[in-house]
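Colleague: Once you've had a glance at the structure underneath, I'll fire off some questions.
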Amino acid sequence: MARRVDQNTQYRVRKHVNSGYTYASTQPPYIDSGTGKTKYRHIHWGTVNENNKFTPGSTFFMATPEERARLIFPEEWDMSEAHRLTGLRPPGRPSYDGDCQNRFYGDIWLLEQIAMKTGIQQDLEAVFNGNREIVDDILTLAMFPYLTKFNYSRVARWQRVAAAPSLRELTPKVITLLTQSITEQHRIGLLKLRAARLGKDELCAVDSTSRSAYGWSLADIRWGKNKEHLPLEQTLEVVVYTLSSHMPVYYRTFPGNMPDSRSLETILMDLDHSGFKDLVLITDRGYESLRNLEKYILRGQSIVMCAKTGQKNVVKVIRELKEFGARPEEMRIDPDAMVYHKQYDIDYEVESTGQATKLSDRLKLNLYFDPVRRGIELMELDIALSFQEAALSELLESKGILGDDAWIKREYCYYKFNYDPVTREIKSYELNEKKVSKARSLSGFFAIMTHGVNFDAMDAFRAYRLRDEQEKYFQQMKDQMLSDKQRNWSEEGKIGRLFILFVSLILSSYVRHIWKSSKLHELFSSSLDVVDEMRPIRLIEHTNRSKVITPFVGAQVDICDAFGFKIPEGCAPAYASRQKSVRKRGRPPKKVVEYDS
């Protein structure tokens, strides 16, 4: 009689020794696509020491509760470390069943409600296949720097006084394992879910910022000039921020020497792959180039793009304006913005595949003139010419030595030189009249180009001014999130930390938006004060008893009203009586009916 097949064989965990290390391993079967034969592969869930003590690894951390529940470990193994590190428990936040605790909870409660309302918690659960342990860990790490202004070395200490979402102790080792387990697939998966939550024709600002790094092992930090003038290398962090929903929807990192104009192709490819459709992108002058303009036209991408006044099309329309004193006669004034404006239609044809061509879609050049700005720029030009003239006169008298060509262009941009090519000793100099004339004629003007949108000149102007909100976002990232510098040393850790930072900035951006657009702006001087006001609310937990949240009072009630969050039952200032009404005995009275006389 044949031996009965054990259906649980693939879930039984056994020791597997490889390269001197003992792993806790299962051997599930799979079909080789080449031969069609059944083969077996090892899945390492962690390590086992000589005392049969199991220590979970990254595969065990990333597994869903259902996958962990199917694993059959030998009875003699010590599983205490797995229970301690992973907090094996059903989904949700159960009542505390350990020692009595009295911890801060109000600010965490507020961010938990925001995570639900913005959908980031649901999206994280979908990305990590319902693994609530991982989601709670990520939310805890996302909240920590925003609420405390400390780095991750203090998370475990903070959990003792604050009722964070994660129920396991997040030590530096656990945090490192968690961040290194987050992959590019998780990033793209989250971006796809965030894209599905956007509406049509969302205004989205695209911009980048540099971040210094302490370590030397990251590949992207080896190039680039540090804008903060610190003796540190840097990377370039790109973010797409929706000005309609007021939160980041996309992020990516680039090497520190990557120009913004060259990074755009990768950004557009990422947005398309992640499912972002019908976005109206708003970019600054760093992304403006002929290559990018033609790419917008070929892709049918709607854009609002700040254009350099030195661009050929812009210079052409400025020179076509009549001579003017205070203002150009052809331009109209906007009383609110206090600028003159005029819109020009541009026909631009781009060669597509083969012999086909594609015509631009509502490509327009919006020209603006600010007389106050013109006065300031002309004065600054005269000051620069005066300083450069004085410095060059002194350099010529002392027979000074000029630096390299880049130095000359940077220090004396309005002059031409005659110098010895070998010794670089200056012999003579003269004013570059053509360059100075061009600078004078362009002073006071600025331009914005639009494509694929029905904006007039002032619509484009007001849409572009919304980018100020994204600049505040970068300020949040570097200040409130304590992320002005990168504190990770491995590529895997960098991916995970950027993922968590993205989640953190979604939460903080929503707090800032509600604070700025509601009555909270009058009650609190900053969005951080809103969070600080909620912190004193505590979560009291007693052994084998249900949790108790302390009352919401004063401005805490106003905060809940502004966010539209329901105060937990029993915590609101108003009390609803629970007394049951008792009906008197006897026949109820008849209804009183009134008749018109």
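Labels used: A, B, ... for chains in the order of the structure tokens, numbers from 1 for residues in each chain, and numbers from 1 for ligands as shown.
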I'd like a table as CSV: residues in region 349-402 of chain A with an atom no more than 8 Å from region 413-430 of chain A, each row giving the shortest atom pair and its distance in Å to one decimal, only C-alpha atoms counted, sorted by chain and rising residue number.
Modeller:
residue,atom,partner,partner_atom,distance
A:Leu385,CA,A:Tyr414,CA,7.3
A:Leu392,CA,A:Tyr429,CA,7.8
A:Leu395,CA,A:Ile426,CA,7.7
A:Leu396,CA,A:Ile426,CA,6.2
A:Lys399,CA,A:Ile426,CA,6.3
A:Gly400,CA,A:Glu425,CA,5.9
A:Ile401,CA,A:Glu425,CA,4.5
A:Leu402,CA,A:Arg424,CA,5.6
Colleague: Can I get the selected residues back with all heavy atoms, as a PDB file, in the first residue's frame?
Modeller:
ATOM      1  N   LEU A 385      27.854  96.232 -13.269  1.00  0.00           N
ATOM      2  CA  LEU A 385      28.817  96.816 -14.205  1.00  0.00           C
ATOM      3  C   LEU A 385      29.825  97.701 -13.487  1.00  0.00           C
ATOM      4  O   LEU A 385      31.023  97.704 -13.817  1.00  0.00           O
ATOM      5  CB  LEU A 385      28.081  97.623 -15.279  1.00  0.00           C
ATOM      6  CG  LEU A 385      27.210  96.826 -16.268  1.00  0.00           C
ATOM      7  CD1 LEU A 385      26.431  97.770 -17.176  1.00  0.00           C
ATOM      8  CD2 LEU A 385      28.073  95.888 -17.097  1.00  0.00           C
ATOM      9  N   LEU A 392      38.220  95.083 -12.597  1.00  0.00           N
ATOM     10  CA  LEU A 392      39.055  94.837 -13.774  1.00  0.00           C
ATOM     11  C   LEU A 392      40.118  95.928 -13.944  1.00  0.00           C
ATOM     12  O   LEU A 392      41.244  95.649 -14.382  1.00  0.00           O
ATOM     13  CB  LEU A 392      38.173  94.768 -15.023  1.00  0.00           C
ATOM     14  CG  LEU A 392      37.324  93.488 -15.163  1.00  0.00           C
ATOM     15  CD1 LEU A 392      36.374  93.610 -16.340  1.00  0.00           C
ATOM     16  CD2 LEU A 392      38.214  92.271 -15.326  1.00  0.00           C
ATOM     17  N   LEU A 395      42.780  95.013 -11.600  1.00  0.00           N
ATOM     18  CA  LEU A 395      43.463  93.807 -12.064  1.00  0.00           C
ATOM     19  C   LEU A 395      44.420  94.129 -13.209  1.00  0.00           C
ATOM     20  O   LEU A 395      45.521  93.576 -13.297  1.00  0.00           O
ATOM     21  CB  LEU A 395      42.421  92.778 -12.508  1.00  0.00           C
ATOM     22  CG  LEU A 395      42.906  91.337 -12.742  1.00  0.00           C
ATOM     23  CD1 LEU A 395      43.381  90.715 -11.451  1.00  0.00           C
ATOM     24  CD2 LEU A 395      41.785  90.493 -13.344  1.00  0.00           C
ATOM     25  N   LEU A 396      44.025  95.066 -14.092  1.00  0.00           N
ATOM     26  CA  LEU A 396      44.878  95.446 -15.213  1.00  0.00           C
ATOM     27  C   LEU A 396      46.110  96.214 -14.745  1.00  0.00           C
ATOM     28  O   LEU A 396      47.222  96.013 -15.249  1.00  0.00           O
ATOM     29  CB  LEU A 396      44.069  96.280 -16.203  1.00  0.00           C
ATOM     30  CG  LEU A 396      44.783  96.674 -17.497  1.00  0.00           C
ATOM     31  CD1 LEU A 396      45.168  95.427 -18.310  1.00  0.00           C
ATOM     32  CD2 LEU A 396      43.907  97.592 -18.338  1.00  0.00           C
ATOM     33  N   LYS A 399      48.610  93.902 -13.264  1.00  0.00           N
ATOM     34  CA  LYS A 399      48.955  92.812 -14.181  1.00  0.00           C
ATOM     35  C   LYS A 399      48.587  91.456 -13.566  1.00  0.00           C
ATOM     36  O   LYS A 399      49.383  90.529 -13.491  1.00  0.00           O
ATOM     37  CB  LYS A 399      50.443  92.855 -14.513  1.00  0.00           C
ATOM     38  CG  LYS A 399      50.855  94.104 -15.266  1.00  0.00           C
ATOM     39  CD  LYS A 399      52.325  94.065 -15.648  1.00  0.00           C
ATOM     40  CE  LYS A 399      52.705  95.330 -16.430  1.00  0.00           C
ATOM     41  NZ  LYS A 399      54.149  95.315 -16.824  1.00  0.00           N
ATOM     42  N   GLY A 400      47.356  91.382 -13.128  1.00  0.00           N
ATOM     43  CA  GLY A 400      46.865  90.183 -12.456  1.00  0.00           C
ATOM     44  C   GLY A 400      46.661  89.019 -13.408  1.00  0.00           C
ATOM     45  O   GLY A 400      46.640  89.174 -14.633  1.00  0.00           O
ATOM     46  N   ILE A 401      46.480  87.857 -12.814  1.00  0.00           N
ATOM     47  CA  ILE A 401      46.290  86.619 -13.561  1.00  0.00           C
ATOM     48  C   ILE A 401      44.821  86.236 -13.508  1.00  0.00           C
ATOM     49  O   ILE A 401      44.211  86.207 -12.430  1.00  0.00           O
ATOM     50  CB  ILE A 401      47.162  85.484 -12.989  1.00  0.00           C
ATOM     51  CG1 ILE A 401      48.629  85.907 -12.954  1.00  0.00           C
ATOM     52  CG2 ILE A 401      46.984  84.214 -13.808  1.00  0.00           C
ATOM     53  CD1 ILE A 401      49.207  86.249 -14.315  1.00  0.00           C
ATOM     54  N   LEU A 402      44.257  85.941 -14.655  1.00  0.00           N
ATOM     55  CA  LEU A 402      42.857  85.511 -14.719  1.00  0.00           C
ATOM     56  C   LEU A 402      42.739  84.033 -14.384  1.00  0.00           C
ATOM     57  O   LEU A 402      43.664  83.244 -14.640  1.00  0.00           O
ATOM     58  CB  LEU A 402      42.281  85.757 -16.117  1.00  0.00           C
ATOM     59  CG  LEU A 402      42.198  87.214 -16.572  1.00  0.00           C
ATOM     60  CD1 LEU A 402      41.757  87.276 -18.028  1.00  0.00           C
ATOM     61  CD2 LEU A 402      41.227  87.996 -15.696  1.00  0.00           C
TER      62      LEU A 402
END
Colleague: Hey, which bits of region 104-143 of chain A sit within 12 Å of region 195-209 of chain A, and for each residue what's the closest pair of atoms and how far apart in Å (one decimal), counting only C-alpha atoms, rows by chain and increasing number, as CSV?
Modeller:
residue,atom,partner,partner_atom,distance
A:Lys117,CA,A:Arg197,CA,11.8
A:Thr118,CA,A:Arg197,CA,9.2
A:Gly119,CA,A:Arg197,CA,8.5
A:Ile120,CA,A:Arg197,CA,10.3
A:Gln122,CA,A:Arg197,CA,11.7
A:Asp123,CA,A:Arg197,CA,10.2
Colleague: Please write the residues from the selection above to a file, keeping N, CA, C and O atoms, as a PDB file, in the first residue's frame.
Modeller:
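Listed below is the output, part_16.pdb:
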ATOM      1  N   LYS A 117      -8.462  58.677   6.073  1.00  0.00           N
ATOM      2  CA  LYS A 117      -9.211  59.574   5.199  1.00  0.00           C
ATOM      3  C   LYS A 117      -8.503  59.773   3.869  1.00  0.00           C
ATOM      4  O   LYS A 117      -9.165  59.854   2.813  1.00  0.00           O
ATOM      5  N   THR A 118      -7.176  59.879   3.874  1.00  0.00           N
ATOM      6  CA  THR A 118      -6.427  60.049   2.625  1.00  0.00           C
ATOM      7  C   THR A 118      -6.271  58.745   1.867  1.00  0.00           C
ATOM      8  O   THR A 118      -5.844  58.755   0.707  1.00  0.00           O
ATOM      9  N   GLY A 119      -6.588  57.618   2.503  1.00  0.00           N
ATOM     10  CA  GLY A 119      -6.497  56.326   1.841  1.00  0.00           C
ATOM     11  C   GLY A 119      -5.105  55.720   1.856  1.00  0.00           C
ATOM     12  O   GLY A 119      -4.907  54.641   1.287  1.00  0.00           O
ATOM     13  N   ILE A 120      -4.145  56.359   2.513  1.00  0.00           N
ATOM     14  CA  ILE A 120      -2.782  55.821   2.490  1.00  0.00           C
ATOM     15  C   ILE A 120      -2.693  54.521   3.286  1.00  0.00           C
ATOM     16  O   ILE A 120      -1.944  53.612   2.914  1.00  0.00           O
ATOM     17  N   GLN A 122      -5.133  52.214   3.593  1.00  0.00           N
ATOM     18  CA  GLN A 122      -5.715  51.175   2.751  1.00  0.00           C
ATOM     19  C   GLN A 122      -4.776  50.803   1.609  1.00  0.00           C
ATOM     20  O   GLN A 122      -4.648  49.629   1.257  1.00  0.00           O
ATOM     21  N   ASP A 123      -4.103  51.816   1.038  1.00  0.00           N
ATOM     22  CA  ASP A 123      -3.175  51.531  -0.054  1.00  0.00           C
ATOM     23  C   ASP A 123      -1.981  50.729   0.430  1.00  0.00           C
ATOM     24  O   ASP A 123      -1.502  49.826  -0.269  1.00  0.00           O
TER      25      ASP A 123
END
Colleague: What does the structure give for the distance between CA of Glu433 (chain A) and CA of Asp370 (chain A), in Å to one decimal?
Modeller: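 Atom-to-atom, CA of Glu433 (chain A) and CA of Asp370 (chain A) are spaced 24.1 Å apart.
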Colleague: What is the distance between CA of Thr179 (chain A) and CA of Ile500 (chain A), in Å to one decimal?
Modeller: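 Atom-to-atom, CA of Thr179 (chain A) and CA of Ile500 (chain A) are spaced 8.3 Å apart.
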Colleague: Using only C-alpha atoms for the distances, tell me which of A:Pro255, A:Tyr23, A:Ala63, A:Val238 is nearest to Arg222 (chain A).
Modeller: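 Among the listed residues, the smallest separation from Arg222 (chain A) belongs to A:Pro255.
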Colleague: Give me, as an NGL selection string, the residues of region 148-361 of chain A that a backbone DSSP run labels alpha helix (DSSP H).
Modeller: :A and (148 or 155-161 or 172-181 or 184-195 or 260-273 or 290-299 or 312-320)
Colleague: Restricting the calculation to only C-alpha atoms: of A:Ser302, A:Thr450, A:Ser212, A:Ser526, which residue gets closest to Lys478 (chain A)?
Modeller: A:Ser212
Colleague: Would you kindly return, as a list in words, each protein, DNA or RNA residue with an atom no farther than 8 Å from any atom of region 311-322 of chain A, considering only C-alpha atoms and excluding same-chain residues fewer than 2 positions away?
Modeller: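 Those residues are Ala307, Lys308, Thr309, Phe324, Pro328, Glu329, Glu330, Leu365, Leu367, Leu442 and Ala447 of chain A.
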Colleague: Nearest residue to Cys560 (chain A) out of A:Ala574, A:Ile514, A:Leu501, A:Val249, using only C-alpha atoms?
Modeller: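 Among the listed residues, the smallest separation from Cys560 (chain A) belongs to A:Ile514.
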Colleague: Set the distance at 12 Å and use only C-alpha atoms: which residues neighbour Arg291 (chain A) once local chain neighbours fewer than 3 positions away are removed? I'd like the list as a PyMOL selection string.
Modeller: chain A and resi 261-265+287-288+294-298+350
Colleague: Which is closer to Arg332 (chain A) than all the others in A:Glu349, A:Glu533, A:Lys192, A:Tyr368, using only C-alpha atoms?
Modeller: A:Tyr368
Colleague: Restricting the calculation to only C-alpha atoms: of A:Asp6, A:Glu411, A:Asp459, A:Glu377, which residue gets closest to Ser443 (chain A)?
Modeller: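 Nearest to Ser443 (chain A): A:Glu377.
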Colleague: In Å, how far is it from CA of Thr353 (chain A) to CA of Val304 (chain A)?
Modeller: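 Interatomic distance here is 25.7 Å.
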Colleague: Just the residues within 12 Å of His246 (chain A), please, counting only C-alpha atoms, with nothing from its chain fewer than 3 positions along; format it as a VMD selection string.
Modeller: chain A and resid 118 198 202 to 205 240 to 243 249 466 to 470 472 to 473 505 to 517
